[in-house]
$ cat start30.pdb   # PDB, C-alpha atoms, pLDDT in the B column
MODEL        1
ATOM      1  CA  ALA J   1     164.354 -13.360  33.474  1.00 66.00           C
ATOM      2  CA  GLN J   2     162.661 -16.233  31.783  1.00 71.00           C
ATOM      3  CA  SER J   3     162.580 -16.380  27.996  1.00 85.00           C
ATOM      4  CA  VAL J   4     161.280 -18.726  25.334  1.00 92.00           C
ATOM      5  CA  SER J   5     162.878 -19.378  21.945  1.00 93.00           C
ATOM      6  CA  GLN J   6     161.165 -20.901  18.956  1.00 94.00           C
ATOM      7  CA  HIS J   7     163.696 -21.658  16.265  1.00 86.00           C
ATOM      8  CA  ASN J   8     161.453 -22.059  13.271  1.00 86.00           C
ATOM      9  CA  HIS J   9     159.604 -18.903  12.332  1.00 89.00           C
ATOM     10  CA  HIS J  10     157.978 -20.234   9.215  1.00 94.00           C
ATOM     11  CA  VAL J  11     157.511 -23.890   8.242  1.00 96.00           C
ATOM     12  CA  ILE J  12     155.989 -25.179   5.009  1.00 97.00           C
ATOM     13  CA  LEU J  13     155.029 -28.830   4.705  1.00 97.00           C
ATOM     14  CA  SER J  14     153.014 -31.073   2.456  1.00 97.00           C
ATOM     15  CA  GLU J  15     150.130 -33.064   3.867  1.00 97.00           C
ATOM     16  CA  ALA J  16     151.165 -36.298   5.577  1.00 97.00           C
ATOM     17  CA  ALA J  17     154.648 -34.969   6.325  1.00 97.00           C
ATOM     18  CA  SER J  18     155.928 -35.175   9.861  1.00 98.00           C
ATOM     19  CA  LEU J  19     156.234 -32.056  11.980  1.00 97.00           C
ATOM     20  CA  GLU J  20     158.597 -31.015  14.720  1.00 97.00           C
ATOM     21  CA  LEU J  21     158.673 -27.472  16.084  1.00 97.00           C
ATOM     22  CA  GLY J  22     161.452 -26.518  18.437  1.00 96.00           C
ATOM     23  CA  CYS J  23     161.021 -24.702  21.731  1.00 96.00           C
ATOM     24  CA  ASN J  24     163.689 -23.881  24.294  1.00 96.00           C
ATOM     25  CA  TYR J  25     163.323 -21.929  27.505  1.00 93.00           C
ATOM     26  CA  SER J  26     165.870 -20.221  29.700  1.00 89.00           C
ATOM     27  CA  TYR J  27     164.638 -20.701  33.260  1.00 79.00           C
ATOM     28  CA  GLY J  28     166.473 -23.317  35.326  1.00 72.00           C
ATOM     29  CA  GLY J  29     163.905 -23.990  38.026  1.00 76.00           C
ATOM     30  CA  THR J  30     160.506 -25.609  38.006  1.00 80.00           C
ATOM     31  CA  VAL J  31     158.551 -24.810  34.861  1.00 85.00           C
ATOM     32  CA  ASN J  32     155.132 -25.440  33.401  1.00 86.00           C
ATOM     33  CA  LEU J  33     155.160 -25.680  29.623  1.00 91.00           C
ATOM     34  CA  PHE J  34     152.440 -25.102  27.061  1.00 92.00           C
ATOM     35  CA  TRP J  35     151.831 -25.179  23.355  1.00 94.00           C
ATOM     36  CA  TYR J  36     149.058 -22.995  21.990  1.00 92.00           C
ATOM     37  CA  VAL J  37     147.664 -22.810  18.473  1.00 93.00           C
ATOM     38  CA  GLN J  38     146.066 -19.832  16.782  1.00 89.00           C
ATOM     39  CA  TYR J  39     144.116 -20.586  13.643  1.00 90.00           C
ATOM     40  CA  PRO J  40     143.600 -17.722  11.192  1.00 84.00           C
ATOM     41  CA  GLY J  41     141.103 -15.254  12.618  1.00 78.00           C
ATOM     42  CA  GLN J  42     140.636 -17.165  15.857  1.00 79.00           C
ATOM     43  CA  HIS J  43     141.864 -16.836  19.394  1.00 74.00           C
ATOM     44  CA  LEU J  44     144.436 -18.961  21.148  1.00 82.00           C
ATOM     45  CA  GLN J  45     143.650 -22.559  21.943  1.00 85.00           C
ATOM     46  CA  LEU J  46     145.603 -24.863  24.205  1.00 87.00           C
ATOM     47  CA  LEU J  47     147.131 -27.848  22.404  1.00 93.00           C
ATOM     48  CA  LEU J  48     148.847 -29.465  25.344  1.00 92.00           C
ATOM     49  CA  LYS J  49     150.651 -28.737  28.574  1.00 89.00           C
ATOM     50  CA  TYR J  50     153.255 -30.230  30.837  1.00 90.00           C
ATOM     51  CA  PHE J  51     153.253 -29.773  34.597  1.00 85.00           C
ATOM     52  CA  SER J  52     154.934 -32.904  35.927  1.00 85.00           C
ATOM     53  CA  GLY J  53     155.124 -36.659  35.423  1.00 90.00           C
ATOM     54  CA  ASP J  54     155.582 -38.332  32.059  1.00 94.00           C
ATOM     55  CA  PRO J  55     157.711 -35.994  29.953  1.00 95.00           C
ATOM     56  CA  LEU J  56     155.952 -37.150  26.785  1.00 97.00           C
ATOM     57  CA  VAL J  57     152.684 -35.280  26.680  1.00 96.00           C
ATOM     58  CA  LYS J  58     149.851 -35.991  24.294  1.00 96.00           C
ATOM     59  CA  GLY J  59     147.478 -33.236  23.301  1.00 93.00           C
ATOM     60  CA  ILE J  60     144.547 -32.653  21.044  1.00 92.00           C
ATOM     61  CA  LYS J  61     144.442 -33.274  17.289  1.00 94.00           C
ATOM     62  CA  GLY J  62     147.264 -35.820  17.354  1.00 96.00           C
ATOM     63  CA  PHE J  63     149.928 -33.462  18.687  1.00 97.00           C
ATOM     64  CA  GLU J  64     152.477 -34.448  21.285  1.00 97.00           C
ATOM     65  CA  ALA J  65     155.440 -32.790  22.940  1.00 98.00           C
ATOM     66  CA  GLU J  66     158.432 -34.047  24.855  1.00 97.00           C
ATOM     67  CA  PHE J  67     159.928 -32.248  27.818  1.00 95.00           C
ATOM     68  CA  ILE J  68     163.692 -32.771  27.978  1.00 95.00           C
ATOM     69  CA  LYS J  69     164.885 -31.078  31.130  1.00 91.00           C
ATOM     70  CA  SER J  70     168.589 -31.414  30.355  1.00 92.00           C
ATOM     71  CA  LYS J  71     168.091 -29.584  27.079  1.00 94.00           C
ATOM     72  CA  PHE J  72     165.562 -27.058  28.405  1.00 94.00           C
ATOM     73  CA  SER J  73     163.381 -28.075  25.488  1.00 95.00           C
ATOM     74  CA  PHE J  74     159.727 -28.815  24.841  1.00 97.00           C
ATOM     75  CA  ASN J  75     159.435 -29.656  21.150  1.00 97.00           C
ATOM     76  CA  LEU J  76     156.064 -30.150  19.503  1.00 97.00           C
ATOM     77  CA  ARG J  77     155.538 -33.083  17.134  1.00 98.00           C
ATOM     78  CA  LYS J  78     152.906 -34.562  14.893  1.00 98.00           C
ATOM     79  CA  PRO J  79     153.583 -37.656  12.767  1.00 97.00           C
ATOM     80  CA  SER J  80     151.362 -36.656   9.855  1.00 97.00           C
ATOM     81  CA  VAL J  81     150.087 -33.114   9.338  1.00 97.00           C
ATOM     82  CA  GLN J  82     146.878 -32.112   7.629  1.00 97.00           C
ATOM     83  CA  TRP J  83     145.922 -29.010   5.696  1.00 96.00           C
ATOM     84  CA  SER J  84     143.751 -28.009   8.643  1.00 96.00           C
ATOM     85  CA  ASP J  85     146.860 -27.754  10.834  1.00 97.00           C
ATOM     86  CA  THR J  86     147.793 -24.554   9.033  1.00 97.00           C
ATOM     87  CA  ALA J  87     148.068 -22.069  11.889  1.00 96.00           C
ATOM     88  CA  GLU J  88     150.498 -20.286  14.135  1.00 93.00           C
ATOM     89  CA  TYR J  89     151.943 -22.231  17.041  1.00 96.00           C
ATOM     90  CA  PHE J  90     153.203 -20.673  20.249  1.00 94.00           C
ATOM     91  CA  CYS J  91     155.287 -22.249  22.946  1.00 95.00           C
ATOM     92  CA  ALA J  92     154.822 -20.722  26.395  1.00 92.00           C
ATOM     93  CA  VAL J  93     156.366 -21.134  29.817  1.00 89.00           C
ATOM     94  CA  ILE J  94     155.422 -20.308  33.360  1.00 82.00           C
ATOM     95  CA  SER J  95     158.312 -20.571  35.768  1.00 73.00           C
ATOM     96  CA  GLY J  96     157.810 -21.109  39.450  1.00 62.00           C
ATOM     97  CA  GLY J  97     159.350 -17.827  40.432  1.00 56.00           C
ATOM     98  CA  TYR J  98     157.472 -15.587  38.034  1.00 56.00           C
ATOM     99  CA  ASN J  99     153.885 -16.818  37.753  1.00 65.00           C
ATOM    100  CA  LYS J 100     153.586 -15.228  34.311  1.00 75.00           C
ATOM    101  CA  LEU J 101     152.998 -16.979  31.031  1.00 81.00           C
ATOM    102  CA  ILE J 102     155.726 -15.940  28.620  1.00 85.00           C
ATOM    103  CA  PHE J 103     155.358 -16.731  24.923  1.00 90.00           C
ATOM    104  CA  GLY J 104     157.846 -17.597  22.253  1.00 92.00           C
ATOM    105  CA  ALA J 105     157.837 -15.683  18.990  1.00 90.00           C
ATOM    106  CA  GLY J 106     155.607 -18.244  17.321  1.00 93.00           C
ATOM    107  CA  THR J 107     155.978 -20.518  14.310  1.00 95.00           C
ATOM    108  CA  ARG J 108     153.755 -20.074  11.313  1.00 94.00           C
ATOM    109  CA  LEU J 109     152.936 -23.447   9.770  1.00 96.00           C
ATOM    110  CA  ALA J 110     151.559 -23.743   6.254  1.00 97.00           C
ATOM    111  CA  VAL J 111     150.449 -27.187   5.092  1.00 97.00           C
ATOM    112  CA  HIS J 112     149.912 -27.652   1.385  1.00 95.00           C
ATOM    113  CA  PRO J 113     147.473 -30.256   0.075  1.00 89.00           C
TER     114      PRO J 113
ATOM    115  CA  GLY U   1     136.500 -25.213  29.688  1.00 63.00           C
ATOM    116  CA  ALA U   2     136.248 -21.938  31.501  1.00 68.00           C
ATOM    117  CA  VAL U   3     135.287 -18.870  29.502  1.00 83.00           C
ATOM    118  CA  VAL U   4     136.962 -15.491  29.306  1.00 88.00           C
ATOM    119  CA  SER U   5     135.209 -12.818  27.311  1.00 91.00           C
ATOM    120  CA  GLN U   6     136.517  -9.525  25.970  1.00 93.00           C
ATOM    121  CA  HIS U   7     134.584  -6.504  24.818  1.00 94.00           C
ATOM    122  CA  PRO U   8     134.684  -4.859  22.382  1.00 94.00           C
ATOM    123  CA  SER U   9     136.195  -7.275  19.913  1.00 90.00           C
ATOM    124  CA  TRP U  10     136.941  -4.465  17.496  1.00 92.00           C
ATOM    125  CA  VAL U  11     137.199  -0.737  18.036  1.00 95.00           C
ATOM    126  CA  ILE U  12     138.237   2.190  15.872  1.00 96.00           C
ATOM    127  CA  CYS U  13     138.966   5.513  17.479  1.00 95.00           C
ATOM    128  CA  LYS U  14     140.449   8.884  16.659  1.00 96.00           C
ATOM    129  CA  SER U  15     143.912   9.819  17.770  1.00 97.00           C
ATOM    130  CA  GLY U  16     143.890  11.454  21.198  1.00 96.00           C
ATOM    131  CA  THR U  17     140.837   9.666  22.509  1.00 97.00           C
ATOM    132  CA  SER U  18     140.761   6.963  25.170  1.00 97.00           C
ATOM    133  CA  VAL U  19     139.470   3.450  24.717  1.00 97.00           C
ATOM    134  CA  LYS U  20     138.405   0.961  27.378  1.00 97.00           C
ATOM    135  CA  ILE U  21     138.590  -2.799  26.867  1.00 97.00           C
ATOM    136  CA  GLU U  22     136.851  -5.152  29.264  1.00 96.00           C
ATOM    137  CA  CYS U  23     137.879  -8.665  30.195  1.00 95.00           C
ATOM    138  CA  ARG U  24     135.466 -10.880  32.067  1.00 94.00           C
ATOM    139  CA  SER U  25     135.765 -14.359  33.480  1.00 91.00           C
ATOM    140  CA  LEU U  26     132.270 -15.689  32.894  1.00 90.00           C
ATOM    141  CA  ASP U  27     132.114 -18.809  35.002  1.00 85.00           C
ATOM    142  CA  PHE U  28     134.949 -18.528  37.484  1.00 86.00           C
ATOM    143  CA  GLN U  29     136.610 -15.984  39.701  1.00 87.00           C
ATOM    144  CA  ALA U  30     139.982 -14.606  38.738  1.00 88.00           C
ATOM    145  CA  THR U  31     142.029 -12.674  41.261  1.00 86.00           C
ATOM    146  CA  THR U  32     144.678 -12.280  38.591  1.00 88.00           C
ATOM    147  CA  MET U  33     144.374 -11.500  34.904  1.00 92.00           C
ATOM    148  CA  PHE U  34     147.064 -10.947  32.333  1.00 92.00           C
ATOM    149  CA  TRP U  35     147.011  -8.428  29.505  1.00 95.00           C
ATOM    150  CA  TYR U  36     148.927  -9.162  26.324  1.00 94.00           C
ATOM    151  CA  ARG U  37     149.535  -7.229  23.160  1.00 94.00           C
ATOM    152  CA  GLN U  38     150.058  -8.869  19.781  1.00 88.00           C
ATOM    153  CA  PHE U  39     151.384  -6.991  16.784  1.00 81.00           C
ATOM    154  CA  PRO U  40     150.670  -8.402  13.328  1.00 75.00           C
ATOM    155  CA  LYS U  41     152.647 -11.554  12.645  1.00 71.00           C
ATOM    156  CA  GLN U  42     154.337 -11.361  16.026  1.00 76.00           C
ATOM    157  CA  SER U  43     154.023 -13.116  19.332  1.00 81.00           C
ATOM    158  CA  LEU U  44     152.094 -12.088  22.388  1.00 86.00           C
ATOM    159  CA  MET U  45     153.925  -9.691  24.621  1.00 90.00           C
ATOM    160  CA  LEU U  46     152.920  -9.557  28.248  1.00 91.00           C
ATOM    161  CA  MET U  47     152.013  -6.001  29.179  1.00 94.00           C
ATOM    162  CA  ALA U  48     150.854  -6.267  32.759  1.00 94.00           C
ATOM    163  CA  THR U  49     149.385  -8.430  35.464  1.00 92.00           C
ATOM    164  CA  SER U  50     146.074  -7.222  36.811  1.00 92.00           C
ATOM    165  CA  ASN U  51     145.428  -7.931  40.480  1.00 89.00           C
ATOM    166  CA  GLU U  52     142.003  -7.708  42.073  1.00 89.00           C
ATOM    167  CA  GLY U  53     141.975  -5.105  44.805  1.00 88.00           C
ATOM    168  CA  SER U  54     145.491  -3.824  44.203  1.00 89.00           C
ATOM    169  CA  LYS U  55     147.616  -2.087  41.634  1.00 91.00           C
ATOM    170  CA  ALA U  56     148.565  -3.776  38.418  1.00 94.00           C
ATOM    171  CA  THR U  57     152.111  -4.928  37.851  1.00 92.00           C
ATOM    172  CA  TYR U  58     153.533  -3.638  34.577  1.00 95.00           C
ATOM    173  CA  GLU U  59     156.253  -5.220  32.496  1.00 92.00           C
ATOM    174  CA  GLN U  60     159.372  -3.266  31.720  1.00 91.00           C
ATOM    175  CA  GLY U  61     158.833  -0.737  28.979  1.00 93.00           C
ATOM    176  CA  VAL U  62     155.057  -0.551  29.349  1.00 95.00           C
ATOM    177  CA  GLU U  63     153.788   2.899  30.298  1.00 94.00           C
ATOM    178  CA  LYS U  64     151.408   2.543  33.223  1.00 94.00           C
ATOM    179  CA  ASP U  65     149.932   6.003  32.659  1.00 95.00           C
ATOM    180  CA  LYS U  66     149.260   5.103  29.055  1.00 96.00           C
ATOM    181  CA  PHE U  67     147.702   1.734  29.710  1.00 97.00           C
ATOM    182  CA  LEU U  68     145.494   2.017  32.767  1.00 97.00           C
ATOM    183  CA  ILE U  69     144.428  -1.261  34.291  1.00 96.00           C
ATOM    184  CA  ASN U  70     141.691  -1.678  36.833  1.00 93.00           C
ATOM    185  CA  HIS U  71     140.641  -4.973  38.379  1.00 93.00           C
ATOM    186  CA  ALA U  72     137.394  -3.929  39.971  1.00 87.00           C
ATOM    187  CA  SER U  73     136.003  -7.322  40.860  1.00 92.00           C
ATOM    188  CA  LEU U  74     136.843 -11.007  40.829  1.00 91.00           C
ATOM    189  CA  THR U  75     135.400 -11.343  37.325  1.00 93.00           C
ATOM    190  CA  LEU U  76     136.319  -8.068  35.608  1.00 95.00           C
ATOM    191  CA  SER U  77     139.509  -6.351  34.566  1.00 96.00           C
ATOM    192  CA  THR U  78     139.658  -3.330  32.289  1.00 96.00           C
ATOM    193  CA  LEU U  79     142.427  -1.922  30.140  1.00 97.00           C
ATOM    194  CA  THR U  80     142.128   1.725  29.146  1.00 97.00           C
ATOM    195  CA  VAL U  81     144.376   3.017  26.407  1.00 97.00           C
ATOM    196  CA  THR U  82     144.619   6.736  27.161  1.00 97.00           C
ATOM    197  CA  SER U  83     145.243   9.388  24.521  1.00 96.00           C
ATOM    198  CA  ALA U  84     145.558   6.717  21.884  1.00 96.00           C
ATOM    199  CA  HIS U  85     147.891   7.173  18.929  1.00 96.00           C
ATOM    200  CA  PRO U  86     148.214   5.156  15.716  1.00 95.00           C
ATOM    201  CA  GLU U  87     151.190   3.252  17.127  1.00 94.00           C
ATOM    202  CA  ASP U  88     148.866   1.899  19.820  1.00 95.00           C
ATOM    203  CA  SER U  89     146.929   0.059  17.141  1.00 94.00           C
ATOM    204  CA  SER U  90     147.258  -3.601  17.993  1.00 93.00           C
ATOM    205  CA  PHE U  91     145.482  -6.727  19.129  1.00 92.00           C
ATOM    206  CA  TYR U  92     145.001  -6.805  22.887  1.00 94.00           C
ATOM    207  CA  ILE U  93     144.342 -10.125  24.588  1.00 93.00           C
ATOM    208  CA  CYS U  94     143.528 -10.864  28.180  1.00 93.00           C
ATOM    209  CA  SER U  95     143.836 -14.143  29.984  1.00 90.00           C
ATOM    210  CA  ALA U  96     142.793 -15.437  33.342  1.00 87.00           C
ATOM    211  CA  PRO U  97     144.186 -18.419  35.185  1.00 81.00           C
ATOM    212  CA  HIS U  98     141.689 -20.996  36.317  1.00 74.00           C
ATOM    213  CA  TRP U  99     143.906 -23.002  38.588  1.00 62.00           C
ATOM    214  CA  ASP U 100     141.848 -26.136  38.817  1.00 57.00           C
ATOM    215  CA  SER U 101     143.440 -29.534  39.355  1.00 43.00           C
ATOM    216  CA  THR U 102     145.104 -29.525  35.958  1.00 50.00           C
ATOM    217  CA  GLY U 103     145.763 -25.804  35.754  1.00 55.00           C
ATOM    218  CA  GLU U 104     145.224 -23.708  32.669  1.00 69.00           C
ATOM    219  CA  LEU U 105     145.161 -20.138  31.458  1.00 77.00           C
ATOM    220  CA  PHE U 106     142.079 -19.187  29.498  1.00 82.00           C
ATOM    221  CA  PHE U 107     142.229 -16.495  26.871  1.00 83.00           C
ATOM    222  CA  GLY U 108     139.720 -13.956  25.726  1.00 86.00           C
ATOM    223  CA  GLU U 109     138.882 -13.559  22.067  1.00 83.00           C
ATOM    224  CA  GLY U 110     141.020 -10.455  21.820  1.00 89.00           C
ATOM    225  CA  SER U 111     140.230  -6.842  21.016  1.00 93.00           C
ATOM    226  CA  ARG U 112     141.527  -5.242  17.865  1.00 92.00           C
ATOM    227  CA  LEU U 113     142.215  -1.545  18.307  1.00 95.00           C
ATOM    228  CA  THR U 114     142.709   0.714  15.330  1.00 94.00           C
ATOM    229  CA  VAL U 115     143.643   4.312  16.000  1.00 96.00           C
ATOM    230  CA  LEU U 116     143.174   6.684  13.105  1.00 95.00           C
TER     231      LEU U 116
ENDMDL
END

$ encode --input "start30.pdb" --output "structure tokens"
Amino acid sequence: AQSVSQHNHHVILSEAASLELGCNYSYGGTVNLFWYVQYPGQHLQLLLKYFSGDPLVKGIKGFEAEFIKSKFSFNLRKPSVQWSDTAEYFCAVISGGYNKLIFGAGTRLAVHP
Amino acid sequence: GAVVSQHPSWVICKSGTSVKIECRSLDFQATTMFWYRQFPKQSLMLMATSNEGSKATYEQGVEKDKFLINHASLTLSTLTVTSAHPEDSSFYICSAPHWDSTGELFFGEGSRLTVL
């Protein structure tokens, strides 16, 4: 069965610090990869996704993620975070054989001014 | 983007009663919808896949008689929590895939169930 691991459960940063959130998945076949964000009191929003092509994917709000197939990873990055980035971030995977979107446990990011 | 709407967004019920949550795709047809459950400060757990015109597919450990899913049309799926108990209190989220050229799953706003 496919699974998704997010290593950082809780991250605290100061504004302007750089961010990298780890995400690893277990499925060895073709995968589609997503990062979602959930701001306090709001529903999920898609940050970015990878289906094929350039493994470096750019999303909204200055976020990017890099798909490294050999490491089964899809880490999320942002060079300089803002207070408004405070939210919970979820990595998710759909594998070709399952057609279900499976979420990681989430990482709660707190950015201090 | 495409819109998925859930109703009600918040419901409180007494223990032993049943509660129905609706999920609608407002501007596209969805032959498949997914139902997730999110406990406080935890991730989304896939409960079941709702299929239009056929039975839902439940994930391991999810009681199908407890969580009744009906996908009556190409734009509507319902989740009924039967004989609800306090441990069923949670945030239920549906999503529908809108497999356009870029592909994306769209999520409803979620429905918060509190069972007293």

$ resolve_selection --input "start30.pdb" --expression "the PyMOL selection byres ((chain J) within 9 of (chain U))" --output "MDAnalysis selection string"
chainID J and resid 42:46 49 51 90 100:106 108

$ resolve_selection --input "start30.pdb" --expression "the PyMOL selection byres ((chain J and resi 60) around 12)" --output "list in words"
Trp35, Tyr36, Val37, Gln45, Leu46, Leu47, Leu48, Lys49, Val57, Lys58, Gly59, Lys61, Gly62, Phe63, Glu64, Ala65, Leu76, Arg77, Lys78 and Asp85 of chain J

$ write_last_selection --input "start30.pdb" --atoms "C-alpha atoms" --output "PDB file, keeping the file's coordinate frame"
ATOM      1  CA  TRP J  35     151.831 -25.179  23.355  1.00 94.00           C
ATOM      2  CA  TYR J  36     149.058 -22.995  21.990  1.00 92.00           C
ATOM      3  CA  VAL J  37     147.664 -22.810  18.473  1.00 93.00           C
ATOM      4  CA  GLN J  45     143.650 -22.559  21.943  1.00 85.00           C
ATOM      5  CA  LEU J  46     145.603 -24.863  24.205  1.00 87.00           C
ATOM      6  CA  LEU J  47     147.131 -27.848  22.404  1.00 93.00           C
ATOM      7  CA  LEU J  48     148.847 -29.465  25.344  1.00 92.00           C
ATOM      8  CA  LYS J  49     150.651 -28.737  28.574  1.00 89.00           C
ATOM      9  CA  VAL J  57     152.684 -35.280  26.680  1.00 96.00           C
ATOM     10  CA  LYS J  58     149.851 -35.991  24.294  1.00 96.00           C
ATOM     11  CA  GLY J  59     147.478 -33.236  23.301  1.00 93.00           C
ATOM     12  CA  LYS J  61     144.442 -33.274  17.289  1.00 94.00           C
ATOM     13  CA  GLY J  62     147.264 -35.820  17.354  1.00 96.00           C
ATOM     14  CA  PHE J  63     149.928 -33.462  18.687  1.00 97.00           C
ATOM     15  CA  GLU J  64     152.477 -34.448  21.285  1.00 97.00           C
ATOM     16  CA  ALA J  65     155.440 -32.790  22.940  1.00 98.00           C
ATOM     17  CA  LEU J  76     156.064 -30.150  19.503  1.00 97.00           C
ATOM     18  CA  ARG J  77     155.538 -33.083  17.134  1.00 98.00           C
ATOM     19  CA  LYS J  78     152.906 -34.562  14.893  1.00 98.00           C
ATOM     20  CA  ASP J  85     146.860 -27.754  10.834  1.00 97.00           C
TER      21      ASP J  85
END

$ resolve_selection --input "start30.pdb" --expression "the PyMOL selection byres ((chain J and resi 29) around 7)" --output "VMD selection string"
chain J and resid 27 to 28 30 to 31 95 to 96

$ atom_distance --input "start30.pdb" --atom1 "atom CA of J:Thr86" --atom2 "atom CA of J:Pro40"
8.3 Å

$ residues_near_point --input "start30.pdb" --point "(134.0, -20.0, 38.4)" --cutoff "10 Å" --atoms "all atoms listed in the file" --output "PyMOL selection string"
chain U and resi 2-3+25-30+74-75+98+100

$ atom_distance --input "start30.pdb" --atom1 "atom CA of U:Leu113" --atom2 "atom CA of U:Asp88"
7.6 Å

$ residues_around --input "start30.pdb" --residues "U:Lys20" --least-positions-apart "6" --cutoff "7 Å" --atoms "all atoms listed in the file" --output "list in words"
Thr78, Leu79, Thr80 and Val81 of chain U

$ closest_residue --input "start30.pdb" --among "J:Asn32, J:Glu88, J:Leu13, J:Ser3" --to "U:Pro40" --atoms "all atoms listed in the file"
J:Glu88

$ atom_distance --input "start30.pdb" --atom1 "atom CA of U:Ile21" --atom2 "atom CA of U:Cys94"
9.5 Å

$ axis_aligned_box --input "start30.pdb" --around "stretch 2-18 of chain U" --padding-each-side "4 Å" --output "AutoDock Vina command-line options"
--center_x 139.2 --center_y -5.2 --center_z 23.7 --size_x 17.3 --size_y 41.4 --size_z 23.6
